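final07.txt follows (compact mmCIF, C-alpha atoms):
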```
# COMPACT_ATOMS: atom_id res chain seq x y z
CA MET R 28 53.49 19.75 -56.14
CA PRO R 29 57.19 18.91 -56.28
CA HIS R 30 58.96 17.65 -53.20
CA ALA R 31 61.74 19.86 -52.06
CA PRO R 32 64.67 17.85 -50.76
CA ASP R 33 66.18 15.94 -53.65
CA GLU R 34 65.51 17.73 -56.93
CA GLY R 35 69.07 17.39 -58.13
CA SER R 36 69.47 13.68 -57.89
CA ARG R 37 65.97 12.76 -59.03
CA ALA R 38 66.36 14.29 -62.49
CA LYS R 39 69.18 11.95 -63.42
CA GLY R 40 66.99 8.98 -64.18
CA ALA R 41 65.56 5.83 -62.81
CA SER R 42 68.40 3.66 -61.57
CA PRO R 43 69.98 3.30 -59.15
CA PRO R 44 68.16 5.47 -56.61
CA SER R 45 70.35 7.89 -54.73
CA ALA R 46 70.87 7.28 -51.07
CA GLU R 47 68.79 10.27 -50.15
CA THR R 48 65.86 9.27 -52.30
CA PHE R 49 65.93 5.77 -50.94
CA GLU R 50 66.08 6.94 -47.36
CA ASN R 51 63.24 9.36 -47.88
CA GLN R 52 61.17 6.58 -49.35
CA VAL R 53 61.92 4.39 -46.35
CA LEU R 54 61.13 7.26 -44.04
CA SER R 55 57.75 7.75 -45.65
CA LEU R 56 57.04 4.06 -45.08
CA VAL R 57 57.87 4.17 -41.38
CA PRO R 58 54.28 4.88 -40.22
CA SER R 59 52.84 1.87 -42.02
CA LEU R 60 55.78 -0.28 -40.99
CA ARG R 61 55.19 0.83 -37.41
CA ARG R 62 51.58 -0.25 -37.59
CA TYR R 63 52.50 -3.62 -39.09
CA SER R 64 55.25 -4.26 -36.55
CA ARG R 65 52.94 -3.42 -33.67
CA SER R 66 50.22 -5.67 -35.03
CA LEU R 67 52.70 -8.56 -34.96
CA ALA R 68 54.20 -7.73 -31.58
CA LYS R 69 53.24 -8.51 -28.03
CA SER R 70 53.74 -5.02 -26.69
CA ASP R 71 54.56 -1.49 -27.77
CA SER R 72 58.26 -1.85 -26.96
CA ASP R 73 58.41 -5.19 -28.74
CA GLY R 74 56.83 -3.53 -31.77
CA GLU R 75 59.35 -0.69 -31.77
CA ASP R 76 62.22 -3.18 -31.54
CA LEU R 77 60.89 -5.06 -34.52
CA LEU R 78 60.46 -1.82 -36.45
CA GLN R 79 64.06 -0.82 -35.74
CA ASP R 80 65.39 -4.18 -36.84
CA CYS R 81 63.35 -3.95 -40.01
CA VAL R 82 64.44 -0.44 -40.95
CA GLU R 83 68.03 -1.41 -40.33
CA LYS R 84 67.76 -4.49 -42.51
CA VAL R 85 66.02 -2.58 -45.31
CA LEU R 86 68.86 -0.07 -45.39
CA VAL R 87 71.59 -2.68 -45.19
CA ARG R 88 70.04 -4.66 -48.01
CA ARG R 89 69.17 -1.77 -50.23
CA SER R 90 71.28 -3.13 -53.07
CA GLN R 91 69.04 -6.21 -53.21
CA TRP R 92 65.92 -4.15 -53.79
CA ARG R 93 64.73 -4.53 -57.37
CA GLY R 94 63.26 -1.06 -57.54
CA ILE R 95 59.57 -1.94 -57.43
CA ASN R 96 57.15 -1.77 -54.54
CA LEU R 97 59.41 -0.88 -51.67
CA ARG R 98 56.54 -1.25 -49.21
CA ALA R 99 55.89 -4.89 -50.09
CA TRP R 100 59.61 -5.63 -49.97
CA ALA R 101 59.93 -4.04 -46.54
CA PHE R 102 56.86 -5.94 -45.34
CA THR R 103 58.44 -9.20 -46.46
CA ILE R 104 61.58 -8.38 -44.51
CA MET R 105 59.50 -7.46 -41.47
CA THR R 106 57.56 -10.72 -41.63
CA ASN R 107 60.76 -12.78 -41.82
CA LEU R 108 62.29 -10.88 -38.91
CA TYR R 109 59.14 -11.44 -36.91
CA ARG R 110 59.22 -15.19 -37.54
CA ASP R 111 62.91 -15.35 -36.62
CA ARG R 112 62.37 -13.39 -33.43
CA HIS R 113 59.44 -15.54 -32.48
CA ARG R 114 61.51 -18.67 -32.91
CA ARG R 115 64.43 -17.21 -30.99
CA PHE R 116 62.29 -15.88 -28.15
CA ASN R 117 60.61 -19.23 -27.80
CA GLN R 118 64.01 -20.82 -27.34
CA HIS R 119 64.88 -18.22 -24.70
CA PRO R 120 61.62 -17.54 -22.96
CA THR R 121 63.21 -15.16 -20.45
CA VAL R 122 62.48 -12.31 -22.84
CA GLU R 123 58.75 -13.02 -22.69
CA LEU R 124 58.29 -10.71 -19.74
CA ASP R 125 55.73 -8.59 -21.49
CA GLU R 126 53.72 -11.38 -23.01
CA THR R 127 50.58 -10.52 -21.11
CA LEU R 128 50.65 -6.85 -22.04
CA GLY R 129 47.54 -5.48 -23.56
CA LEU R 130 47.36 -2.75 -26.10
CA THR R 131 48.20 0.10 -23.88
CA ALA R 132 49.60 3.30 -25.23
CA GLU R 133 47.14 4.02 -27.99
CA ASP R 134 43.49 4.90 -28.10
CA MET R 135 42.72 5.29 -24.44
CA SER R 136 39.03 5.70 -25.15
CA GLY R 137 38.52 2.01 -25.88
CA ASP R 138 37.76 -0.73 -23.41
CA PRO R 139 41.06 -1.89 -21.86
CA LEU R 140 39.63 -5.27 -20.90
CA GLU R 141 38.59 -5.86 -24.48
CA LYS R 142 42.02 -4.83 -25.75
CA THR R 143 43.77 -7.18 -23.38
CA ARG R 144 41.61 -10.04 -24.59
CA LEU R 145 42.23 -9.13 -28.21
CA GLN R 146 45.98 -9.00 -27.64
CA GLN R 147 45.94 -12.36 -25.88
CA ALA R 148 43.94 -13.94 -28.69
CA LEU R 149 46.50 -12.58 -31.19
CA ASN R 150 49.42 -13.84 -29.13
CA ALA R 151 47.93 -17.32 -29.26
CA LEU R 152 48.13 -17.40 -33.07
CA THR R 153 51.14 -18.93 -34.75
CA PRO R 154 53.33 -16.33 -36.50
CA ASP R 155 52.29 -17.58 -39.94
CA PHE R 156 48.58 -17.21 -39.20
CA ARG R 157 49.03 -13.88 -37.53
CA ALA R 158 51.05 -12.35 -40.35
CA VAL R 159 48.41 -13.30 -42.93
CA LEU R 160 45.55 -12.00 -40.79
CA MET R 161 47.30 -8.68 -40.20
CA LEU R 162 48.38 -8.20 -43.80
CA VAL R 163 44.81 -8.74 -44.97
CA VAL R 164 42.80 -7.05 -42.24
CA VAL R 165 44.99 -4.25 -40.92
CA GLU R 166 47.21 -3.55 -43.94
CA GLY R 167 44.49 -4.13 -46.54
CA TYR R 168 46.47 -6.35 -48.91
CA ALA R 169 44.60 -8.44 -51.48
CA TYR R 170 45.09 -12.20 -51.16
CA GLN R 171 47.32 -12.52 -54.21
CA ASP R 172 49.53 -9.71 -52.91
CA VAL R 173 49.89 -11.52 -49.61
CA ALA R 174 50.81 -14.68 -51.48
CA ASP R 175 53.49 -12.80 -53.43
CA LEU R 176 54.75 -11.02 -50.37
CA LEU R 177 55.19 -14.23 -48.39
CA SER R 178 56.12 -16.42 -51.40
CA ILE R 179 53.36 -18.91 -50.66
CA PRO R 180 50.46 -20.17 -52.82
CA ILE R 181 47.22 -18.25 -52.59
CA GLY R 182 45.48 -21.38 -51.30
CA THR R 183 47.80 -21.29 -48.30
CA VAL R 184 46.92 -17.64 -47.73
CA MET R 185 43.23 -18.56 -47.71
CA SER R 186 43.62 -21.48 -45.34
CA ARG R 187 45.77 -19.47 -42.92
CA LEU R 188 43.31 -16.59 -43.02
CA SER R 189 40.42 -18.94 -42.38
CA ARG R 190 42.10 -20.72 -39.50
CA ALA R 191 43.31 -17.48 -37.93
CA ARG R 192 39.80 -16.03 -38.02
CA ARG R 193 38.21 -19.14 -36.56
CA GLN R 194 40.80 -19.51 -33.83
CA MET R 195 40.41 -15.85 -32.85
CA ALA R 196 36.63 -16.11 -32.82
CA ALA R 197 36.70 -19.27 -30.72
CA GLN R 198 39.10 -17.80 -28.20
CA LEU R 199 37.24 -14.52 -27.88
CA ALA R 200 33.94 -16.36 -27.42
CA GLU R 201 35.38 -18.78 -24.91
CA ASP R 202 35.73 -16.31 -22.08
CA ASN R 203 33.35 -16.67 -19.19
CA ILE R 204 32.83 -12.95 -19.20
CA VAL R 205 29.57 -11.41 -20.26
CA THR R 206 29.47 -7.87 -21.57
CA LEU R 207 26.54 -5.88 -20.27
CA ARG R 208 25.08 -2.58 -21.11
CA ARG R 209 25.87 0.19 -18.70
CA PRO R 210 23.02 2.16 -17.22
CA LYS R 211 22.90 5.75 -18.35
CA MET Y 24 18.31 -15.99 -60.90
CA THR Y 25 20.96 -18.50 -61.76
CA ASN Y 26 23.35 -18.31 -58.86
CA GLU Y 27 23.82 -22.06 -58.93
CA HIS Y 28 26.45 -21.50 -61.59
CA THR Y 29 28.72 -19.72 -59.18
CA PRO Y 30 28.34 -21.33 -55.78
CA VAL Y 31 29.48 -19.22 -52.87
CA THR Y 32 32.70 -20.59 -51.42
CA GLU Y 33 34.40 -19.85 -48.15
CA ALA Y 34 36.93 -17.80 -50.09
CA ASP Y 35 34.02 -15.62 -51.24
CA LEU Y 36 32.95 -15.10 -47.65
CA HIS Y 37 36.43 -13.95 -46.65
CA ALA Y 38 36.63 -11.69 -49.68
CA TYR Y 39 33.21 -10.32 -48.75
CA VAL Y 40 34.43 -9.48 -45.23
CA ASP Y 41 37.60 -7.92 -46.63
CA GLY Y 42 35.79 -5.85 -49.23
CA LEU Y 43 37.55 -7.58 -52.11
CA LEU Y 44 34.52 -8.55 -54.21
CA ASP Y 45 33.22 -6.59 -57.16
CA ASP Y 46 29.71 -5.18 -56.83
CA ASP Y 47 27.94 -7.99 -58.71
CA ARG Y 48 29.58 -10.75 -56.77
CA ARG Y 49 29.06 -8.90 -53.51
CA ARG Y 50 25.32 -8.71 -54.16
CA GLU Y 51 25.24 -12.40 -55.00
CA VAL Y 52 26.99 -13.25 -51.76
CA GLU Y 53 24.61 -11.01 -49.82
CA ARG Y 54 21.61 -12.78 -51.35
CA TRP Y 55 23.14 -16.15 -50.56
CA LEU Y 56 23.81 -15.15 -46.96
CA GLN Y 57 20.13 -14.37 -46.45
CA ASP Y 58 19.41 -18.08 -46.80
CA HIS Y 59 22.39 -19.21 -44.69
CA PRO Y 60 22.08 -17.95 -41.13
CA GLN Y 61 24.96 -20.02 -39.81
CA GLU Y 62 27.42 -18.59 -42.32
CA THR Y 63 25.96 -15.15 -41.74
CA ALA Y 64 26.72 -15.41 -38.04
CA GLU Y 65 30.30 -16.41 -38.79
CA VAL Y 66 30.72 -13.60 -41.31
CA GLN Y 67 29.46 -11.14 -38.72
CA GLN Y 68 32.01 -12.44 -36.22
CA TRP Y 69 34.78 -11.94 -38.74
CA GLN Y 70 33.55 -8.46 -39.52
CA ALA Y 71 33.51 -7.50 -35.86
CA GLN Y 72 36.98 -9.00 -35.44
CA ALA Y 73 38.31 -7.03 -38.41
CA LYS Y 74 36.82 -3.83 -37.06
CA ASP Y 75 38.42 -4.40 -33.64
CA LEU Y 76 41.81 -5.22 -35.16
CA LYS Y 77 41.79 -2.14 -37.35
CA ALA Y 78 40.78 0.03 -34.42
CA ALA Y 79 43.47 -1.49 -32.22
CA PHE Y 80 46.35 -0.80 -34.59
CA SER Y 81 45.38 2.09 -36.85
CA GLY Y 82 46.70 4.59 -34.30
CA TYR Y 83 50.23 3.23 -34.71
CA ALA Y 84 50.49 4.36 -38.33
CA ARG Y 85 52.19 7.60 -37.44
CA SER Y 86 55.60 9.18 -37.62
CA GLY Y 87 57.77 9.35 -34.54
CA GLU Y 88 60.07 12.20 -33.61
CA ASN Y 89 63.17 10.07 -33.91
CA ASP Y 90 62.35 8.29 -37.15
CA ARG Y 91 64.89 10.17 -39.23
CA ALA Y 92 67.66 9.97 -36.68
CA LEU Y 93 67.12 6.25 -36.40
CA LEU Y 94 67.23 5.92 -40.15
CA ASN Y 95 70.42 7.90 -40.55
CA SER Y 96 72.41 6.22 -37.83
CA LYS Y 97 71.38 2.79 -39.03
CA ALA Y 98 72.17 3.68 -42.61
CA GLN Y 99 75.71 4.70 -41.71
CA ALA Y 100 76.28 1.59 -39.69
CA GLY Y 101 74.98 -0.61 -42.46
CA MET Y 102 76.89 0.96 -45.32
CA GLN Y 103 80.24 1.85 -43.97
CA THR Y 104 81.07 -0.54 -41.18
CA PRO Y 105 83.15 -3.51 -42.28
CA TYR Y 106 81.66 -6.91 -41.79
CA TRP Y 107 83.79 -7.99 -38.86
CA ARG Y 108 82.94 -4.79 -37.00
CA ARG Y 109 79.24 -5.24 -37.68
CA VAL Y 110 79.41 -8.69 -36.16
CA GLY Y 111 81.17 -7.23 -33.15
CA LEU Y 112 78.61 -4.46 -32.87
CA LEU Y 113 75.82 -6.94 -33.20
CA ALA Y 114 77.26 -9.09 -30.44
CA ALA Y 115 77.74 -6.02 -28.25
CA SER Y 116 74.24 -4.75 -28.87
CA LEU Y 117 72.79 -8.19 -28.32
CA LEU Y 118 74.61 -8.36 -25.02
CA LEU Y 119 73.33 -4.92 -24.15
CA PHE Y 120 69.85 -5.90 -25.16
CA LEU Y 121 69.88 -9.05 -23.09
CA SER Y 122 71.29 -7.37 -20.01
CA GLY Y 123 68.86 -4.54 -20.59
CA ALA Y 124 65.99 -6.96 -20.76
CA VAL Y 125 67.11 -8.63 -17.57
CA ALA Y 126 67.50 -5.34 -15.76
CA GLY Y 127 64.28 -4.05 -17.22
CA VAL Y 128 65.82 -0.87 -18.58
CA TYR Y 129 64.35 -1.15 -22.08
CA THR Y 130 61.45 0.96 -21.09
CA ASP Y 131 62.07 4.41 -22.45
CA ARG Y 132 60.80 4.15 -26.01
CA SER Y 133 57.24 5.25 -25.88
CA TYR Y 134 55.84 4.29 -22.52
CA SER Y 135 56.88 2.67 -19.30
CA VAL Y 136 56.73 -1.10 -19.15
CA PRO Y 137 56.15 -1.38 -15.39
CA THR Y 138 52.99 0.70 -15.72
CA ALA Y 139 51.73 -1.47 -18.51
CA LEU Y 140 52.52 -4.60 -16.54
CA GLU Y 141 50.58 -3.26 -13.62
CA THR Y 142 47.71 -2.52 -15.92
CA ALA Y 143 47.67 -6.00 -17.33
CA SER Y 144 47.71 -7.61 -13.93
CA ALA Y 145 45.14 -5.14 -12.65
CA LEU Y 146 42.79 -6.01 -15.45
CA GLU Y 147 43.23 -9.69 -14.96
CA SER Y 148 43.09 -9.86 -11.24
CA LEU Y 149 40.45 -7.36 -10.18
CA PRO Y 150 37.62 -9.91 -9.99
CA GLY Y 151 40.00 -12.43 -8.39
CA GLN Y 152 41.04 -10.00 -5.69
CA SER Y 153 37.45 -9.05 -5.07
CA ARG Y 154 36.48 -12.70 -4.70
CA THR Y 155 39.33 -13.31 -2.26
CA ALA Y 156 38.36 -10.30 -0.17
CA PHE Y 157 34.78 -11.50 -0.10
CA LEU Y 158 35.70 -15.05 0.86
CA VAL Y 159 38.09 -13.92 3.59
CA TYR Y 160 36.10 -11.13 5.18
CA ALA Y 161 32.41 -11.88 4.56
CA SER Y 162 32.65 -15.05 6.62
CA GLU Y 163 34.25 -13.23 9.55
CA LYS Y 164 31.94 -13.32 12.54
CA ARG Y 165 33.50 -10.80 14.91
CA HIS Y 166 35.71 -8.54 12.78
CA PRO Y 167 34.40 -8.42 9.23
CA VAL Y 168 35.25 -4.72 8.98
CA GLU Y 169 37.73 -2.31 10.54
CA VAL Y 170 35.36 0.63 10.78
CA GLY Y 171 31.67 0.02 11.21
CA ALA Y 172 28.71 1.71 9.57
CA ASP Y 173 28.01 3.61 12.81
CA ASP Y 174 31.10 5.65 11.97
CA GLU Y 175 30.35 5.99 8.27
CA THR Y 176 31.61 9.55 7.84
CA HIS Y 177 35.00 8.66 9.26
CA LEU Y 178 35.13 5.44 7.22
CA ILE Y 179 34.44 7.23 3.96
CA THR Y 180 36.87 10.08 4.61
CA TRP Y 181 39.63 7.71 5.67
CA LEU Y 182 39.32 5.26 2.78
CA GLY Y 183 38.71 8.08 0.29
CA LYS Y 184 41.93 9.72 1.41
CA ARG Y 185 43.94 6.52 1.04
CA LEU Y 186 42.48 5.95 -2.44
CA ASP Y 187 42.78 9.62 -3.37
CA TYR Y 188 39.22 9.43 -4.61
CA LYS Y 189 35.92 11.04 -3.68
CA LEU Y 190 34.48 7.91 -2.15
CA VAL Y 191 30.86 7.38 -1.25
CA ALA Y 192 29.32 4.29 0.30
CA PRO Y 193 26.51 3.44 -2.09
CA ASP Y 194 23.08 3.31 -0.48
CA LEU Y 195 21.79 -0.18 -1.33
CA ARG Y 196 18.75 -0.23 0.97
CA ALA Y 197 16.40 -0.30 -2.01
CA GLN Y 198 18.09 -3.60 -2.92
CA GLY Y 199 17.70 -4.84 0.65
CA PHE Y 200 21.34 -4.38 1.72
CA SER Y 201 22.65 -2.07 4.39
CA LEU Y 202 26.22 -1.02 5.07
CA VAL Y 203 28.18 -3.08 7.59
CA GLY Y 204 31.37 -1.04 7.28
CA GLY Y 205 34.67 -1.19 5.46
CA ARG Y 206 38.38 -1.75 5.60
CA LEU Y 207 41.62 -0.83 3.93
CA VAL Y 208 42.85 -3.66 1.70
CA PRO Y 209 45.69 -4.04 -0.75
CA VAL Y 210 44.49 -3.97 -4.37
CA ASN Y 211 47.04 -4.27 -7.17
CA GLY Y 212 49.74 -3.69 -4.58
CA MET Y 213 48.29 -0.33 -3.55
CA ALA Y 214 45.83 0.93 -0.99
CA GLY Y 215 42.32 -0.07 -1.90
CA ALA Y 216 38.98 -0.05 -0.15
CA MET Y 217 36.48 -2.73 0.65
CA LEU Y 218 32.92 -1.97 1.69
CA MET Y 219 30.68 -4.65 3.11
CA TYR Y 220 26.90 -4.90 2.99
CA GLN Y 221 24.43 -7.28 4.55
CA ASP Y 222 20.75 -8.05 4.06
CA ALA Y 223 18.14 -8.92 6.67
CA SER Y 224 19.01 -12.61 6.52
CA GLY Y 225 22.69 -11.94 7.16
CA GLN Y 226 23.71 -12.55 3.53
CA ARG Y 227 26.73 -10.39 2.73
CA LEU Y 228 28.32 -8.83 -0.30
CA THR Y 229 31.44 -6.76 -0.77
CA VAL Y 230 32.37 -3.81 -2.96
CA LEU Y 231 36.07 -3.48 -3.78
CA LEU Y 232 37.71 -0.33 -5.14
CA GLY Y 233 41.29 -0.16 -6.35
CA LYS Y 234 43.52 2.21 -8.24
CA ASN Y 235 43.74 1.44 -11.92
CA PRO Y 236 47.13 2.58 -13.27
CA GLU Y 237 45.75 3.32 -16.70
CA ASN Y 238 42.81 5.61 -17.23
CA GLY Y 239 40.11 3.80 -19.05
CA GLU Y 240 36.53 2.84 -19.24
CA THR Y 241 35.15 -0.65 -19.62
CA SER Y 242 31.76 -2.17 -19.89
CA PHE Y 243 30.48 -4.26 -17.01
CA ARG Y 244 32.04 -7.68 -16.78
CA PHE Y 245 30.81 -10.73 -15.06
CA GLU Y 246 32.70 -13.67 -13.65
CA SER Y 247 31.53 -16.55 -11.54
CA ALA Y 248 33.48 -19.06 -9.50
CA GLY Y 249 31.35 -21.71 -7.90
CA SER Y 250 28.45 -19.95 -6.24
CA VAL Y 251 30.34 -16.67 -5.88
CA GLU Y 252 29.49 -14.04 -8.47
CA THR Y 253 31.51 -10.92 -9.30
CA PHE Y 254 30.70 -7.90 -11.43
CA TYR Y 255 33.54 -5.57 -12.23
CA TRP Y 256 34.30 -2.54 -14.31
CA ILE Y 257 36.82 0.25 -14.68
CA ASP Y 258 35.88 3.89 -14.78
CA GLY Y 259 38.63 6.47 -15.00
CA ASP Y 260 41.49 5.54 -12.69
CA ILE Y 261 39.43 3.35 -10.37
CA GLY Y 262 38.55 -0.30 -10.80
CA TYR Y 263 35.40 -1.56 -9.09
CA ALA Y 264 34.23 -5.05 -8.26
CA VAL Y 265 31.09 -6.24 -6.52
CA THR Y 266 31.11 -9.79 -5.17
CA GLY Y 267 28.44 -11.82 -3.45
CA GLU Y 268 26.80 -15.19 -3.17
CA VAL Y 269 23.57 -14.01 -4.74
CA THR Y 270 21.96 -14.59 -8.12
CA ARG Y 271 23.54 -13.02 -11.12
CA ALA Y 272 20.48 -10.88 -11.85
CA LYS Y 273 20.40 -9.55 -8.32
CA LEU Y 274 24.11 -8.80 -8.27
CA GLN Y 275 23.83 -7.04 -11.60
CA ALA Y 276 21.12 -4.76 -10.22
CA ILE Y 277 23.33 -4.00 -7.23
CA ALA Y 278 26.38 -3.37 -9.41
CA GLU Y 279 24.41 -1.01 -11.58
CA GLU Y 280 23.20 0.83 -8.52
CA CYS Y 281 26.80 1.14 -7.27
CA TYR Y 282 27.92 2.40 -10.65
CA ARG Y 283 25.19 5.02 -10.61
CA GLN Y 284 26.17 6.25 -7.17
CA PHE Y 285 29.94 6.16 -7.71
CA GLU Y 286 30.17 9.30 -9.79
CA SER Y 287 33.57 9.56 -11.37
```
Structure translated into structure tokens:
Amino acid sequence: MPHAPDEGSRAKGASPPSAETFENQVLSLVPSLRRYSRSLAKSDSDGEDLLQDCVEKVLVRRSQWRGINLRAWAFTIMTNLYRDRHRRFNQHPTVELDETLGLTAEDMSGDPLEKTRLQQALNALTPDFRAVLMLVVVEGYAYQDVADLLSIPIGTVMSRLSRARRQMAAQLAEDNIVTLRRPK
Amino acid sequence: MTNEHTPVTEADLHAYVDGLLDDDRRREVERWLQDHPQETAEVQQWQAQAKDLKAAFSGYARSGENDRALLNSKAQAGMQTPYWRRVGLLAASLLLFLSGAVAGVYTDRSYSVPTALETASALESLPGQSRTAFLVYASEKRHPVEVGADDETHLITWLGKRLDYKLVAPDLRAQGFSLVGGRLVPVNGMAGAMLMYQDASGQRLTVLLGKNPENGETSFRFESAGSVETFYWIDGDIGYAVTGEVTRAKLQAIAEECYRQFES
């Protein structure tokens, strides 16, 4: 089925994409960008801020896009923004107000205590470890794709993934809290 | 079988967890795992972790009402504003952002930050608050409670009204504890209730109830500090904690009995 909005411009050929086409492509990526930004962030509002910054940067830099795999390109931009923000916020820790926030707005059916612990374990990861873990686990990228996306060797992807998983597991196991079955 | 030719590496185990192996290799790894319980345990941890992470974030992959508006306004700013103005705008928005962060006004995007902050502190401090209440009041000789068990109906109505909750005082006589009474206590900065029980030897335990700003449901949790044990859980908009200086098994039985009687 053809998409309605931009028949006219699309017929003219491959390059360069018209503004409308490009924006529609970005728009269709927003849900997955939102998930990635939230998985890197410390809170919902932090995630939305990161998403906004990323969308803005993608649009500003559109001329640098080489016309293949917009999603991966946007994810690279997001990851770099996330690292920059992390560095900046660490230099100005006043903005860390919401560091202890759990995962709050979504999926109310889950266990809020468990979500808080998960969020805290994630916040304890370095940005490099966290980005790799999220790209693999939540976004479903293959290891070589992660390596390309972050411009690092695949061996580095594997070692970051391994260390992220072990650190998470250790921190989640460390708690002196025992989960018990509820009576029914 | 000649699996020795392709030894299973840690990279294989990660790829197994992430579903990145082809069928043949996956079966080889599965066979190998059967003889390696330690690695199997680790792989299971990673699998559980992956499942939790996916569940935590999958809900965010959605469109928002303002996505297009955001896109359009940013696109215009990026394409048509001269460089020097962009720098100015950036400085202005940074200033706005910083003052906004200080004043706490950056809260209108998708949920309210103060509520979430309350939630976080509520989750973290419920067992701590329960322990404090126990330590302060259970050792009181003359005034451990404000309203005694002889006036139970009044106690329950009063505290229930302050909590906005259909309170009952759980009957723990089968566990050997009878109601001493209760008092109004602050929990998470709001009105909460504490009920106190005592066994034949004078051993006491307390049950704390507080408003939980976020609706939710948790499993039972356990925390110990010295000889003081606390079980706590959240059910709907109420958080519960049972604290006492009794064995963990005994306190668990009591907590489960409370849970059963506190219908939400």
Note to self: Applying 12 Å and all atoms listed in the file, which residues near Ala71 of chain Y remain after dropping the ones on its own chain fewer than 6 positions away? List them as number ranges by chain.
What the structure shows: R: 145, 164, 192, 195-196, 199; Y: 40-41, 64-65, 77-78
Next on the checklist: Using only C-alpha atoms for the distances, tell me which of R:Val163, R:Phe116, R:Gln52, R:Leu108 is nearest to chain Y.
Outcome noted: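 Selected residue with least distance to chain Y: R:Val163.
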At a cut-off of 7 Å around the point (39.1, -3.7, -4.4) (file coordinates), what residues fall inside when counting all atoms listed in the file? I'd like the answer as a list in words.
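Here is the list of nearby residues: Leu149, Gln152, Ser153, Val210, Gly215, Ala216, Met217, Val230, Leu231, Leu232, Gly233, Tyr263 and Ala264 of chain Y.
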Nearest to chain R, restricted to all atoms listed in the file and choosing among Y:Pro30, Y:Pro60, Y:Gly225, Y:Gly87, comes out as Y:Gly87
Please determine, counting all atoms listed in the file, which residue among Y:Glu280, Y:Glu268, Y:Asp258, Y:Glu240 has the shortest atom-to-atom distance to Arg196 of chain Y.
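Smallest separation from Arg196 of chain Y among the options: Y:Glu280.
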Set the distance at 12 Å and use only C-alpha atoms: which residues neighbour Ala278 of chain Y once local chain neighbours fewer than 6 positions away are removed? I'd like the list as a PyMOL selection string.
(chain R and resi 207-210) or (chain Y and resi 193-195+198+228-231+242-245+252-256+263-267+269+271-272+284-285)
Quiz prompt | Non-local contacts of Phe102 of chain R (8 Å; only C-alpha atoms; under 2 positions in same chain excluded) as a ChimeraX atom specification | solution = /R:60,63,98-100,104-106,176
Between atom CA of Gln147 of chain R and atom CA of Phe80 of chain Y, distance in Å (one decimal):
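Going from atom CA of Gln147 of chain R over to atom CA of Phe80 of chain Y covers 14.5 Å.
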Here atom CA of His166 of chain Y and atom CA of Thr180 of chain Y stand apart by 20.4 Å
Item to complete: Please indicate the distance in Å from atom CA of Lys84 of chain R to atom CA of Leu149 of chain R, rounded to one decimal place.
Response: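 The value is 25.4 Å.
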From R:Pro154, R:Pro180, R:Gly94, R:Gly167, residue lying nearest chain Y [all atoms listed in the file]
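For chain Y, the nearest of the candidates is R:Gly167.
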Restricting the calculation to all atoms listed in the file, which member of R:Arg62, R:Arg93, R:Arg193, R:Arg144 is positioned closest to chain Y?
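Once distances to chain Y are computed over all atoms listed in the file, the minimum belongs to R:Arg62.
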Using all atoms listed in the file, the best pick from Y:Arg85, Y:Lys164, Y:Arg227, Y:Arg154 as closest to chain R would be Y:Arg85
Residue contacts of Arg48 of chain Y (9 Å, only C-alpha atoms) excluding same-chain residues fewer than 4 positions away, as number ranges by chain
Y: 35, 39, 44, 52-53
Q) What lies within 12 Å of Val165 of chain R using only C-alpha atoms, ignoring chain neighbours under 6 positions off, as a list in words? A)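 The filter keeps Ser59, Leu60, Arg61, Arg62, Tyr63, Ser64, Arg65, Ser66, Leu67, Arg157, Ala158 and Val159 of chain R; Asp41, Gln72, Ala73, Lys74, Asp75, Leu76, Lys77, Ala78, Ala79, Phe80, Ser81, Gly82, Tyr83 and Ala84 of chain Y.
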Kindly provide, as lines of an AutoDock Vina configuration file, the centre and edge lengths (Å, one decimal) of an axis-aligned box around all atoms of segment 171-183 of chain R given in the file, with 6 Å on each side.
```
center_x = 50.8
center_y = -15.5
center_z = -51.3
size_x = 22.6
size_y = 23.7
size_z = 17.9
```
Requested in this report: Go ahead and find all residues with at least one atom no further than 7 Å from (49.4, -15.3, -46.7) in the file's coordinates, using only C-alpha atoms; report them as a list of chain:residue names.
Outcome: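 Taken together, the residues in range are R:Val159, R:Tyr170, R:Val173, R:Ala174, R:Leu177, R:Ile179, R:Ile181, R:Thr183, R:Val184, R:Arg187.
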